[in-house]
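Colleague: Coordinates in data37.cif, mmCIF, C-alpha atoms and all ligand atoms, are listed below.
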```cif
data_run
loop_
_atom_site.group_PDB
_atom_site.id
_atom_site.type_symbol
_atom_site.label_atom_id
_atom_site.label_comp_id
_atom_site.auth_asym_id
_atom_site.auth_seq_id
_atom_site.Cartn_x
_atom_site.Cartn_y
_atom_site.Cartn_z
ATOM 1 C CA MET M 13 -41.801 16.932 121.317
ATOM 2 C CA LYS M 14 -41.918 15.548 117.824
ATOM 3 C CA HIS M 15 -40.861 18.079 115.218
ATOM 4 C CA THR M 16 -43.340 18.648 112.425
ATOM 5 C CA LEU M 17 -43.237 20.328 109.051
ATOM 6 C CA PRO M 18 -44.188 23.995 109.529
ATOM 7 C CA VAL M 19 -47.154 25.238 107.540
ATOM 8 C CA LEU M 20 -46.137 27.951 105.085
ATOM 9 C CA SER M 21 -47.879 31.298 105.406
ATOM 10 C CA TYR M 22 -48.235 31.473 101.602
ATOM 11 C CA PRO M 23 -49.144 29.009 98.834
ATOM 12 C CA TYR M 24 -46.446 27.223 96.826
ATOM 13 C CA ASP M 25 -47.033 29.440 93.796
ATOM 14 C CA ALA M 26 -46.807 32.691 95.788
ATOM 15 C CA LEU M 27 -43.131 33.268 94.981
ATOM 16 C CA GLU M 28 -43.599 32.865 91.217
ATOM 17 C CA PRO M 29 -42.003 33.740 88.882
ATOM 18 C CA PHE M 30 -38.841 33.962 90.990
ATOM 19 C CA ILE M 31 -39.210 30.592 92.710
ATOM 20 C CA ASP M 32 -41.554 28.185 90.964
ATOM 21 C CA ALA M 33 -44.356 26.286 92.693
ATOM 22 C CA LYS M 34 -42.948 22.838 91.925
ATOM 23 C CA THR M 35 -39.579 23.671 93.491
ATOM 24 C CA MET M 36 -41.338 25.056 96.578
ATOM 25 C CA GLU M 37 -43.554 22.000 96.945
ATOM 26 C CA ILE M 38 -40.720 19.464 96.589
ATOM 27 C CA HIS M 39 -38.368 21.527 98.735
ATOM 28 C CA HIS M 40 -40.950 21.784 101.533
ATOM 29 C CA THR M 41 -42.720 18.398 101.460
ATOM 30 C CA LYS M 42 -39.774 16.198 100.458
ATOM 31 C CA HIS M 43 -36.453 17.789 101.388
ATOM 32 C CA HIS M 44 -37.508 19.565 104.570
ATOM 33 C CA GLN M 45 -39.657 16.612 105.672
ATOM 34 C CA ALA M 46 -36.710 14.228 105.216
ATOM 35 C CA TYR M 47 -34.548 16.336 107.545
ATOM 36 C CA ILE M 48 -37.337 16.332 110.132
ATOM 37 C CA ASP M 49 -37.810 12.559 109.981
ATOM 38 C CA LYS M 50 -34.127 11.790 110.577
ATOM 39 C CA PHE M 51 -33.878 14.472 113.267
ATOM 40 C CA ASN M 52 -36.944 13.072 115.065
ATOM 41 C CA ALA M 53 -35.437 9.592 115.145
ATOM 42 C CA VAL M 54 -32.582 10.877 117.335
ATOM 43 C CA ILE M 55 -34.890 12.978 119.529
ATOM 44 C CA GLU M 56 -37.174 9.980 120.090
ATOM 45 C CA ALA M 57 -34.222 7.862 121.184
ATOM 46 C CA HIS M 58 -33.149 10.607 123.630
ATOM 47 C CA PRO M 59 -36.216 11.838 125.567
ATOM 48 C CA GLU M 60 -33.969 14.134 127.634
ATOM 49 C CA LEU M 61 -33.551 16.304 124.508
ATOM 50 C CA ALA M 62 -37.254 16.625 123.817
ATOM 51 C CA ASP M 63 -37.730 19.947 125.604
ATOM 52 C CA LEU M 64 -34.865 21.735 123.874
ATOM 53 C CA THR M 65 -35.576 23.815 120.790
ATOM 54 C CA THR M 66 -33.745 22.890 117.615
ATOM 55 C CA GLU M 67 -31.775 26.130 117.902
ATOM 56 C CA ASP M 68 -30.722 25.292 121.479
ATOM 57 C CA LEU M 69 -29.649 21.798 120.433
ATOM 58 C CA LEU M 70 -27.444 23.266 117.703
ATOM 59 C CA THR M 71 -25.962 25.931 119.968
ATOM 60 C CA GLN M 72 -25.181 23.373 122.689
ATOM 61 C CA LEU M 73 -24.284 20.498 120.365
ATOM 62 C CA ASN M 74 -20.708 20.027 121.562
ATOM 63 C CA SER M 75 -21.707 19.765 125.204
ATOM 64 C CA LEU M 76 -24.539 17.253 124.746
ATOM 65 C CA SER M 77 -23.857 13.729 125.993
ATOM 66 C CA LEU M 78 -24.462 11.987 122.691
ATOM 67 C CA ASP M 79 -22.230 9.852 120.539
ATOM 68 C CA ASP M 80 -20.615 11.357 117.472
ATOM 69 C CA GLN M 81 -23.089 9.737 115.098
ATOM 70 C CA ASP M 82 -26.098 11.275 116.879
ATOM 71 C CA LYS M 83 -24.356 14.661 117.033
ATOM 72 C CA LYS M 84 -23.766 14.424 113.304
ATOM 73 C CA ILE M 85 -27.462 13.698 112.682
ATOM 74 C CA ILE M 86 -28.485 16.713 114.764
ATOM 75 C CA ARG M 87 -25.943 18.884 112.961
ATOM 76 C CA ASN M 88 -27.098 17.764 109.509
ATOM 77 C CA HIS M 89 -30.803 17.066 109.971
ATOM 78 C CA GLY M 90 -31.614 19.283 112.964
ATOM 79 C CA GLY M 91 -29.665 21.930 111.060
ATOM 80 C CA GLY M 92 -31.687 21.200 107.938
ATOM 81 C CA HIS M 93 -34.906 21.577 109.902
ATOM 82 C CA ALA M 94 -33.830 24.856 111.535
ATOM 83 C CA ASN M 95 -32.448 26.306 108.311
ATOM 84 C CA HIS M 96 -35.502 25.516 106.195
ATOM 85 C CA SER M 97 -37.996 26.676 108.850
ATOM 86 C CA PHE M 98 -36.071 29.955 108.934
ATOM 87 C CA PHE M 99 -35.876 30.194 105.127
ATOM 88 C CA TRP M 100 -39.664 29.869 104.576
ATOM 89 C CA ASN M 101 -40.239 32.662 107.073
ATOM 90 C CA ILE M 102 -37.925 35.256 105.575
ATOM 91 C CA MET M 103 -39.502 34.879 102.137
ATOM 92 C CA GLY M 104 -42.922 35.984 100.987
ATOM 93 C CA PRO M 105 -44.913 37.443 98.120
ATOM 94 C CA HIS M 106 -45.001 40.858 99.792
ATOM 95 C CA LYS M 107 -42.235 42.887 101.320
ATOM 96 C CA ASP M 108 -42.364 43.085 105.091
ATOM 97 C CA GLN M 109 -39.295 45.239 105.379
ATOM 98 C CA SER M 110 -37.371 45.489 108.597
ATOM 99 C CA LYS M 111 -36.140 49.059 108.796
ATOM 100 C CA PRO M 112 -33.831 48.490 111.791
ATOM 101 C CA LEU M 113 -32.149 45.609 109.959
ATOM 102 C CA SER M 114 -31.853 47.563 106.700
ATOM 103 C CA ASP M 115 -30.343 50.496 108.562
ATOM 104 C CA GLU M 116 -27.859 48.300 110.410
ATOM 105 C CA ILE M 117 -26.861 46.544 107.185
ATOM 106 C CA ALA M 118 -26.359 49.870 105.416
ATOM 107 C CA SER M 119 -24.210 51.227 108.214
ATOM 108 C CA THR M 120 -22.126 48.027 108.438
ATOM 109 C CA PHE M 121 -21.600 47.376 104.728
ATOM 110 C CA GLY M 122 -21.886 50.891 103.283
ATOM 111 C CA SER M 123 -25.261 50.505 101.595
ATOM 112 C CA LEU M 124 -27.900 47.858 100.918
ATOM 113 C CA ASP M 125 -26.599 47.486 97.381
ATOM 114 C CA GLU M 126 -23.064 46.971 98.620
ATOM 115 C CA PHE M 127 -24.347 44.342 101.070
ATOM 116 C CA LYS M 128 -26.233 42.498 98.323
ATOM 117 C CA LYS M 129 -23.108 42.522 96.169
ATOM 118 C CA MET M 130 -20.971 41.054 98.962
ATOM 119 C CA PHE M 131 -23.597 38.470 99.923
ATOM 120 C CA THR M 132 -24.042 37.415 96.287
ATOM 121 C CA GLN M 133 -20.305 37.117 95.781
ATOM 122 C CA THR M 134 -19.992 34.982 98.921
ATOM 123 C CA ALA M 135 -22.783 32.702 97.666
ATOM 124 C CA MET M 136 -21.205 32.458 94.200
ATOM 125 C CA LEU M 137 -17.777 31.556 95.594
ATOM 126 C CA HIS M 138 -19.154 28.759 97.777
ATOM 127 C CA PHE M 139 -18.254 25.390 96.309
ATOM 128 C CA GLY M 140 -20.935 22.711 96.506
ATOM 129 C CA SER M 141 -23.971 22.576 98.743
ATOM 130 C CA GLY M 142 -24.567 24.935 101.613
ATOM 131 C CA TRP M 143 -26.068 28.204 102.710
ATOM 132 C CA THR M 144 -24.952 31.823 102.671
ATOM 133 C CA TRP M 145 -25.747 33.728 105.833
ATOM 134 C CA LEU M 146 -25.954 37.164 107.303
ATOM 135 C CA ALA M 147 -25.566 36.464 111.003
ATOM 136 C CA ARG M 148 -25.043 38.323 114.229
ATOM 137 C CA ASN M 149 -21.788 37.165 115.762
ATOM 138 C CA THR M 150 -21.054 36.724 119.459
ATOM 139 C CA ARG M 151 -19.741 40.300 119.670
ATOM 140 C CA GLY M 152 -23.029 41.650 118.302
ATOM 141 C CA GLY M 153 -21.677 42.541 114.856
ATOM 142 C CA LEU M 154 -22.972 41.492 111.444
ATOM 143 C CA GLU M 155 -21.072 38.963 109.339
ATOM 144 C CA ILE M 156 -21.576 37.478 105.879
ATOM 145 C CA TYR M 157 -20.297 33.945 105.308
ATOM 146 C CA SER M 158 -21.177 30.628 103.716
ATOM 147 C CA LEU M 159 -21.336 27.332 105.580
ATOM 148 C CA PRO M 160 -21.292 23.864 103.999
ATOM 149 C CA ASN M 161 -24.160 21.363 103.976
ATOM 150 C CA GLN M 162 -26.789 22.187 106.616
ATOM 151 C CA ASP M 163 -24.402 23.747 109.117
ATOM 152 C CA SER M 164 -26.231 26.445 111.035
ATOM 153 C CA PRO M 165 -24.835 29.725 112.401
ATOM 154 C CA TYR M 166 -26.197 28.520 115.766
ATOM 155 C CA LEU M 167 -23.384 25.939 115.833
ATOM 156 C CA GLN M 168 -20.974 28.802 116.515
ATOM 157 C CA GLY M 169 -23.375 30.732 118.734
ATOM 158 C CA HIS M 170 -24.382 33.167 115.990
ATOM 159 C CA LEU M 171 -27.920 34.347 115.291
ATOM 160 C CA PRO M 172 -29.023 33.985 111.645
ATOM 161 C CA LEU M 173 -30.640 37.118 110.207
ATOM 162 C CA ILE M 174 -30.759 36.254 106.492
ATOM 163 C CA GLY M 175 -30.059 32.860 104.928
ATOM 164 C CA LEU M 176 -29.978 31.686 101.348
ATOM 165 C CA ASP M 177 -30.197 28.004 100.453
ATOM 166 C CA ILE M 178 -27.670 27.374 97.678
ATOM 167 C CA TRP M 179 -28.163 23.625 97.411
ATOM 168 C CA GLU M 180 -29.070 22.785 93.828
ATOM 169 C CA HIS M 181 -32.425 21.391 95.035
ATOM 170 C CA ALA M 182 -33.384 24.978 95.869
ATOM 171 C CA TYR M 183 -33.180 26.162 92.264
ATOM 172 C CA TYR M 184 -32.288 23.415 89.788
ATOM 173 C CA LEU M 185 -35.771 22.850 88.269
ATOM 174 C CA LYS M 186 -36.079 26.451 87.182
ATOM 175 C CA TYR M 187 -32.519 27.717 86.938
ATOM 176 C CA GLN M 188 -30.522 24.500 86.325
ATOM 177 C CA ASN M 189 -26.853 25.403 86.832
ATOM 178 C CA ARG M 190 -27.457 29.181 86.818
ATOM 179 C CA ARG M 191 -26.847 29.923 90.492
ATOM 180 C CA ALA M 192 -26.120 33.606 89.765
ATOM 181 C CA GLU M 193 -29.537 34.089 88.212
ATOM 182 C CA TYR M 194 -31.265 32.333 91.119
ATOM 183 C CA ILE M 195 -29.525 34.578 93.633
ATOM 184 C CA GLU M 196 -30.308 37.702 91.659
ATOM 185 C CA GLN M 197 -34.008 36.794 91.466
ATOM 186 C CA TRP M 198 -34.161 35.637 95.089
ATOM 187 C CA TRP M 199 -33.810 39.189 96.403
ATOM 188 C CA ASN M 200 -37.339 39.755 95.037
ATOM 189 C CA VAL M 201 -38.830 37.238 97.469
ATOM 190 C CA LEU M 202 -36.682 38.042 100.499
ATOM 191 C CA LYS M 203 -39.308 40.035 102.355
ATOM 192 C CA LEU M 204 -36.961 41.599 104.937
ATOM 193 C CA LEU M 205 -35.119 44.031 102.627
HETATM 194 MN MN MN3 M 301 -32.930 23.159 100.936
#
```
Could I get this file's structure written as structure tokens?
Ligand code: MN3
Modeller:
Amino acid sequence: MKHTLPVLSYPYDALEPFIDAKTMEIHHTKHHQAYIDKFNAVIEAHPELADLTTEDLLTQLNSLSLDDQDKKIIRNHGGGHANHSFFWNIMGPHKDQSKPLSDEIASTFGSLDEFKKMFTQTAMLHFGSGWTWLARNTRGGLEIYSLPNQDSPYLQGHLPLIGLDIWEHAYYLKYQNRRAEYIEQWWNVLKLL
């Protein structure tokens, strides 16, 4: 199965003014597409992987019989594909709040505000490119952490629940170096909370 760019459920300008249309268009059609193209090249060379989902490939990465270079491509570019597909889906112009998730976050971190503060701080302290995640760990608990590059929580068997792209390509056109402002505004388009 060849991986293809997912169609967004909203137009590029739907997240304005928080995320601008140009950033969305470039992020989706250029950055995400580039991850897919490099990921597909490995999948095409290994037909035995074609039936596995991207998430399964990441979860099982260490046990796949591939050379280190191909594993690295799946980690970086399969990860990029999984992360961005996930990211587009948790954002939207309208809130589609998940009450069970909000309740679990509030009981784990004290309150939604406290959670947002901790998540924001984790994203601000991350050096360089990467993502900040709220993920369900293998014991079923919630954890906030950042991972470098396109590393996915699936690599450690975790389930991503919320993810924020903190690569500069996600915000530079509108916010330049102001990562704090991007994060603060991003809560407006995270539809889950
Ligand atoms: Mn990105």
Colleague: Using only C-alpha atoms, which protein or nucleic acid residues come within 12 Å of stretch 67-69 of chain M? Drop anything in the same chain fewer than 3 positions from it, and give the result as a tab-separated table (two decimals) with C-alpha atoms, in the coordinates of the input.
Modeller:
```tsv
chain	number	residue	atom	x	y	z
M	51	PHE	CA	-33.88	14.47	113.27
M	54	VAL	CA	-32.58	10.88	117.34
M	55	ILE	CA	-34.89	12.98	119.53
M	60	GLU	CA	-33.97	14.13	127.63
M	61	LEU	CA	-33.55	16.30	124.51
M	62	ALA	CA	-37.25	16.62	123.82
M	63	ASP	CA	-37.73	19.95	125.60
M	64	LEU	CA	-34.86	21.74	123.87
M	72	GLN	CA	-25.18	23.37	122.69
M	73	LEU	CA	-24.28	20.50	120.36
M	74	ASN	CA	-20.71	20.03	121.56
M	75	SER	CA	-21.71	19.76	125.20
M	76	LEU	CA	-24.54	17.25	124.75
M	77	SER	CA	-23.86	13.73	125.99
M	78	LEU	CA	-24.46	11.99	122.69
M	82	ASP	CA	-26.10	11.28	116.88
M	83	LYS	CA	-24.36	14.66	117.03
M	84	LYS	CA	-23.77	14.42	113.30
M	85	ILE	CA	-27.46	13.70	112.68
M	86	ILE	CA	-28.48	16.71	114.76
M	87	ARG	CA	-25.94	18.88	112.96
M	88	ASN	CA	-27.10	17.76	109.51
M	89	HIS	CA	-30.80	17.07	109.97
M	90	GLY	CA	-31.61	19.28	112.96
M	91	GLY	CA	-29.66	21.93	111.06
M	92	GLY	CA	-31.69	21.20	107.94
M	93	HIS	CA	-34.91	21.58	109.90
M	94	ALA	CA	-33.83	24.86	111.54
M	95	ASN	CA	-32.45	26.31	108.31
M	97	SER	CA	-38.00	26.68	108.85
M	98	PHE	CA	-36.07	29.96	108.93
M	163	ASP	CA	-24.40	23.75	109.12
M	164	SER	CA	-26.23	26.44	111.04
M	165	PRO	CA	-24.84	29.72	112.40
M	166	TYR	CA	-26.20	28.52	115.77
M	167	LEU	CA	-23.38	25.94	115.83
M	168	GLN	CA	-20.97	28.80	116.52
M	169	GLY	CA	-23.38	30.73	118.73
M	170	HIS	CA	-24.38	33.17	115.99
M	171	LEU	CA	-27.92	34.35	115.29
M	172	PRO	CA	-29.02	33.98	111.64
```
Colleague: In terms of the shortest atom-to-atom distance over only C-alpha atoms, which of M:Ala118, M:Ala46, M:Leu113, M:Ile156 is closest to M:Phe131?
Modeller: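 Of M:Ala118, M:Ala46, M:Leu113, M:Ile156, the one nearest M:Phe131 is M:Ile156, counting only C-alpha atoms.
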Colleague: Counting only C-alpha atoms, which of M:Asn161, M:Pro18, M:Met13, M:Lys34 gets nearest to M:His58?
Modeller: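 Of the candidates, the smallest distance to M:His58 is held by M:Met13.
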Colleague: From the options M:Ala192, M:Leu205, M:Thr65, M:Phe99, which residue's atoms come nearest to M:Asp125, counting only C-alpha atoms?
Modeller: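 The answer is M:Leu205, which sits nearest to M:Asp125.
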Colleague: For M:Leu176, please output as a list in words all residues within 7 Å (counting all atoms listed in the file; exclusion window: fewer than 5 positions along the same chain).
Modeller: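 Near neighbours after the sequence-gap exclusion: Trp143, Thr144 and Trp145 of chain M.
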Colleague: So which one's closest to ligand MN3 301 (chain M), M:Leu146, M:Ala182, M:Ile31, M:Met103? Using all atoms listed in the file, please.
Modeller: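 Among the listed residues, the smallest separation from ligand MN3 301 (chain M) belongs to M:Ala182.
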